[in-house]
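Everything below concerns the one structure shown next.
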Amino acid sequence: MPPTLILIRHAQADHNLTKDYSIHDPSLTELGREQCVDLRKHLIREEPLARQAELIITSPMRRTIQTALSTVDWLVEKGVRIEADADWQENSDKPCDTGSEISKVAAEFPDIDYSTVDPVWPDKTSPAGHRYRYTKTAILARAQRALDKLHARPEKVVVVVSHSGFLRAGVTGSWFFNADYRVFDFDSAVPYRLVQRASTEEKGGGLGRSLTVKVPLGDGLPDEVPEED
């Protein structure tokens, strides 16, 4: 039986605050760190599924790693493995949505297993990185690839820390506020479809901070790579 997924959006990062999307692989803001404290407390005290998690997956970007290590560190301390996976990175190829070399983030955050990261990371624009291109076709295919790997996992509950755009337009059709989460089960296979549990759908995320409206998968994604101005 495939696992239940706890999908978390990273806390507020510098580019969310400043709207400066030229910041490369931004870190969390002070507010983002405070949001992590709130989410951590909620997961421990009010989300029983979190206590059952047996695996943590994170996008290899700095803000998602920081969020994971600040919100589910208590699971890591219990021996739950945390792996980085490039398929869960954000959609665009702007500097704020492009990761750093693994050697750099591994030096900062050595407790993550980076052995599962695609060797082409952080490339999203060359022929080698075509699977991470900023197009509807590539992003929807990447979402299916990410779900395919999780569908085959033996764990009963998996935590994933990712990004708003990818989670919304690629994976779930649901909005995610910073440091909010939603719980999903697999509803079908090939193509994979997730169904959200009422506990997070009805109130707009586990913390109730996210929009309740839904969008179709692929919403707002370009059919082709946008031309530069």
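Identifiers for the structure tokens are assigned positionally: chains receive A, B, ... in sequence, residues are indexed from 1 per chain, and ligands are indexed from 1 in the order shown.
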query: region 51-229 of chain A: which residues are strand (DSSP E or B) by DSSP, as a VMD selection string?
result: chain A and resid 55 to 58 81 to 84 113 157 to 162 174 181 to 188 193 to 196 214
query: So which residues of region 48-144 of chain A fall under alpha helix (DSSP H) by DSSP, listed as an MDAnalysis selection string?
result: chainID A and resid 62:71 73:77 102:108 136:144
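Excluding Leu43 (chain A) and any residue on its chain fewer than 3 positions from it, the residues at most 12 Å away by only C-alpha atoms are Ile6, Ile8, Cys36, Val37, Asp38, Leu39, Arg40, Glu46, Glu47, Pro48, Leu49, Ala50, Arg51, Gln52, Ala53, Ser70, Thr71, Val72, Asp73, Trp74, Leu75, Val159, Ala179, Asp180, Tyr181, Arg182, Val183, Gly206 and Leu207 of chain A.
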